[in-house]
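To start, the structure itself, in structure tokens.
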Amino acid sequence: MPTQKIHVVKKILIFVAVGSLGMGFLFAEGKIAIKGGTFYTITKGIIDDGVLLIENGKIKDIGKSTEIPLGYQTILAKGKVILPGLIAAFSQVGLEGDVIASDSLESSESLTPQMRAVDGFYPMSKSIARLRNRGITVAAIFPAPGNVISGQGAILKMAGSITGQMTINASCGLLLTLGEKSKREGAMPKTRMGEMYLLRNILLETQKHMDKWAAYEKGKDEAQKPAQDFRLDAMASLIRGQFPAFVYCYKVQDIMNALSLCETYKFKLVLVDAQQAGQVAGELARRNIPVLVVPQKSSWWDVEKNTWDPENARKLYEAGVPIAIIPGEGARFGDEELAMYAAYAVRYGLPEEEALKGITINPARILGLEDRLGSLEKGKDADIVIMGGNPFRVKTKVEKVFIDGKLYDIKVGT
Amino acid sequence: MKRKYIFLIICCLAFSGRVKADSGRIAVKAARIFLGNGLTLEKGLLLIENGKIVKTGTNISVPETYTLKDFGKLLVMPGLVDSHTHIGELPFPDNLRTSDFNESSQALTPMVDIRDALNFWSPTTFDLALAAGVTTIVCLPGSSNVIGGIGTVVKTAGKDLGQRMLRPEGILKIAMGENPKSSGKSNSRTPRTRMGVRFLLWKSFQEAREYKEAWDKHLQNPGKYPTVDLDLAKEPLRLALERKMPLHIHCARADDILIACDLAKEFGLDVSLDHVYEGYLIAEELARRGIPVITGPDLSGWELGTEPEFPINVSGILADAGVKVAIMTDGIHSCDLLLQASYAVRLGMKEADALKAITLNAAEISKVDHRVGSLETGKDADFIVIDGPPFELETRVVSVYIEGEKMYGLEEEK
């Protein structure tokens, strides 16, 4: 009798083992269901106690009573908050190399539109995991401000080890800097006049370059074929509207200078860390120019700090300017705290809902990726963050991060 | 006789001024009062007379002679103490180019005093600190020099400058590691290595010890030992050797921290260790040595060569190990001490420890706890009113009181 009993137990054990193996194979296909919890879809309200299905790196479905088909690994998220992956719209992550070596700015000249952040990007940088651990799944990396034209930005997923595979867009915009930060020692520009002259001059050269190409395209006379010019080709992409100019500027005078250039040459414009933008919010709203806002300065010194207005985000939002929230400047420790910076915008009057949009769907729109990123919607990339609670509470922690449907461990320091 | 009259007149003047400023005694009532010494009063009451706290408690009846200030649902905590800043050391608005905080003409400048550089009159960052709830700050010389000079402790507002200065004896600023090294390199002088830093420190204190001994002998037996030439560069160090002048030592890397500890031990100095980014690596050792630390600033990059892979809860680890911890902003322009403490809480520091780190611990380390740092009988009535839990990101400083007088107010409290 006892042996028979053991036999039955054995059978059950084998059944369970084989079964779970089979289940394991099914799970391995990357079919995941997140069940329970509060889903902040961003674009379609909040779903309490919902279900989200991930398949092939995309959001297959999301809803209050979406059924979980067979073969899905279910992650229970009761009591948790589920958000789309956060998007850092302006970052220098991966350009810092290691602590001492930096590849963030080619400062040999003032105008370097041909430089591409993606070429300085170090995919093994520990900072990538540092951002991911705080829920950032996508970052737009730019060369550092400092040149009048620093170069081209790129948009990357915060996971992987091969730059090409991480890259969504290798050329998403051109970084310009107006004001104190791009003044130089021993060479032009030493003033804002110099900065604007350099910009007008290169834009004029670009126009000539484009005209030459247009003439050549018409006649196809090989003798007239213009030489390729990396600098001017990059500028031509700007004028053709292939990407916007991201202009780093603090003061109203610099903002107005940027607006006047953009009016003459008709390029798309995004303002970065425009601390006084609130003062000309109506003008920016009328032209629908987005602003990347730093809601809280934490840097212990900053050459133009005196222009900082804590209520900038609120003023811009109320005027109808599209805003995205970015942390303080550059590849510095602390740039992973996007949610915290958004909370500071709330502290200074921005509604919570708008602050959330400012780190998800708004940057996705500004970067031209709203069809893929920025909200929990059917068909979008499965970049998903599970947090322990309200994203704006000081002690809320990121618990799980998915990028393209793949789950990443959260590693936190001692 | 004449002297007596003058004294009486001064007394009368001072007294009449006080009576006017007082305009009665104040009773402060709030939903919760954090006393700063670890105690919290629910529905607490503070009685204030002549700018000093005369009583604290929960069940005190408000005497008729007191004007009641009922803050309703708001919370009250001690005015914050920032134990390491550079506030007031450069014009505002302006930039680093006109700063007055590094007398970098030589590597050893114990003879200079930051009070000669503080600008109280034109619009200054004192106002920014005040608005952030900081009522007492330690203003220190910069860290370019191995011995930077004498710092001081001041209140961020108040009419009487004499009354605002809390520590006329001063605090000596020492700097180790990369900052004095880089200044040495750019000025082609010692130190260019940590070896040079250590050499200069030991040399200075050794010479100061000989100077002090010569003075001691002369003072004990003026007949036998001749008077000593007054040396302004050695006087501050002599006071330090007598433990009348505390030292704030800028040290970030673990080896610098330990060398600073050795300096304190060898010369019997009263020191605090500032920044201590790598303090978490030697927390037990620091606890054993019983030397207090001032951590931060965070969110704006650590000292060159000390940034770890992931954010580390330095303040929390040290506090848990039993080290007395204060938190700083190192503020020049940015003085948001609550932000720094919130970030420490976010990384895992206990809230009670974080609260002490920006109030009582900070006051004790800078030897001004006889007047500020906690809301206890006999101390200055410096307090702030906040509209939420102290470390929540959205919490705002509603108003700030120094010695019972409202110095800053966001709006009328309810």
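Convention: chains lettered A, B, ... in structure tokens order; per-chain residue numbering from 1; ligands numbered from 1 as shown.
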
Chain B residues near chain A (10 Å cut-off, only C-alpha atoms) as a VMD selection string: chain B and resid 85 to 86 92 to 97 125 280 297 to 314 317 329 to 337 339 to 340 342 to 348 391 to 396

DSSP helix (DSSP H, G or I) residues within segment 5-235 of chain B, listed as a PyMOL selection string: chain B and resi 5-22+96-98+114-116+125-131+161-164+178-186+194-220+235

Which of A:Gln228, A:Thr177, A:Thr191, A:Gln92 sits closest to Thr206 of chain A [using only C-alpha atoms]: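 Counting only C-alpha atoms, the residue closest to Thr206 of chain A is A:Gln228.
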
Proximity to Thr66 of chain A - best of A:Lys378, A:Ser102, A:Pro189, A:Leu156, only C-alpha atoms: A:Lys378

Members of segment 159-338 of chain B assigned strand (DSSP E) by DSSP, as a VMD selection string: chain B and resid 171 to 175 247 to 251 271 to 275 293 to 295 325 to 327

Neighbour list for segment 354-363 of chain B as a PyMOL selection string, cut-off 10 Å, only C-alpha atoms, skip fewer than 5 positions in-chain: chain B and resi 34-38+77-84+134+136-138+153+292-295+315-316+319+324-328+337-338+340-345+348-349+368-375+390-391

Write a file of the just-selected residues containing C-alpha atoms, as a short mmCIF file (atom, residue, chain, number, x, y, z; two decimals), in the first residue's frame.
```
data_model
loop_
_atom_site.label_atom_id
_atom_site.label_comp_id
_atom_site.auth_asym_id
_atom_site.auth_seq_id
_atom_site.Cartn_x
_atom_site.Cartn_y
_atom_site.Cartn_z
CA PHE B 34 8.76 69.09 14.90
CA LEU B 35 11.04 70.28 17.66
CA GLY B 36 14.23 69.20 15.91
CA ASN B 37 15.50 67.31 18.93
CA GLY B 38 13.68 64.16 17.88
CA MET B 77 9.62 72.82 12.14
CA PRO B 78 12.82 74.57 13.23
CA GLY B 79 14.40 76.98 10.79
CA LEU B 80 16.80 74.86 8.74
CA VAL B 81 20.53 75.01 9.31
CA ASP B 82 22.75 74.58 6.27
CA SER B 83 26.17 73.65 7.57
CA HIS B 84 28.21 74.27 4.43
CA VAL B 134 16.96 77.98 5.69
CA THR B 136 21.02 79.73 9.55
CA ILE B 137 23.91 79.11 7.19
CA VAL B 138 27.57 78.40 7.51
CA VAL B 153 27.75 81.27 10.77
CA PRO B 292 30.75 64.15 12.67
CA VAL B 293 30.18 64.46 8.93
CA ILE B 294 28.36 66.86 6.64
CA THR B 295 27.14 65.02 3.54
CA SER B 315 23.85 59.90 4.59
CA GLY B 316 21.66 56.98 5.65
CA ALA B 319 23.66 57.69 10.25
CA LYS B 324 26.49 62.21 13.54
CA VAL B 325 25.30 63.40 10.12
CA ALA B 326 24.35 66.86 8.86
CA ILE B 327 23.35 67.53 5.24
CA MET B 328 24.52 70.49 3.18
CA LEU B 337 18.22 72.07 1.81
CA LEU B 338 14.88 70.26 2.06
CA GLN B 340 18.85 67.50 -0.39
CA ALA B 341 17.32 65.88 2.68
CA SER B 342 14.35 64.54 0.67
CA TYR B 343 16.77 62.91 -1.72
CA ALA B 344 18.56 61.26 1.20
CA VAL B 345 15.18 59.95 2.41
CA GLY B 348 16.76 55.24 2.31
CA MET B 349 17.82 57.56 5.13
CA VAL B 368 25.63 77.27 17.31
CA ASP B 369 23.20 74.90 19.01
CA HIS B 370 23.00 77.22 22.01
CA ARG B 371 20.86 79.47 19.80
CA VAL B 372 19.44 77.51 16.87
CA GLY B 373 18.77 74.02 15.53
CA SER B 374 15.79 73.05 17.66
CA LEU B 375 12.67 74.57 19.13
CA PRO B 390 8.80 67.70 5.54
CA PHE B 391 10.35 65.34 3.00
#
```

Best match for closeness to Lys55 of chain B among B:Lys181, B:Arg115, B:Arg32, B:Lys379, counting only C-alpha atoms: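 Closest candidate: B:Lys379.
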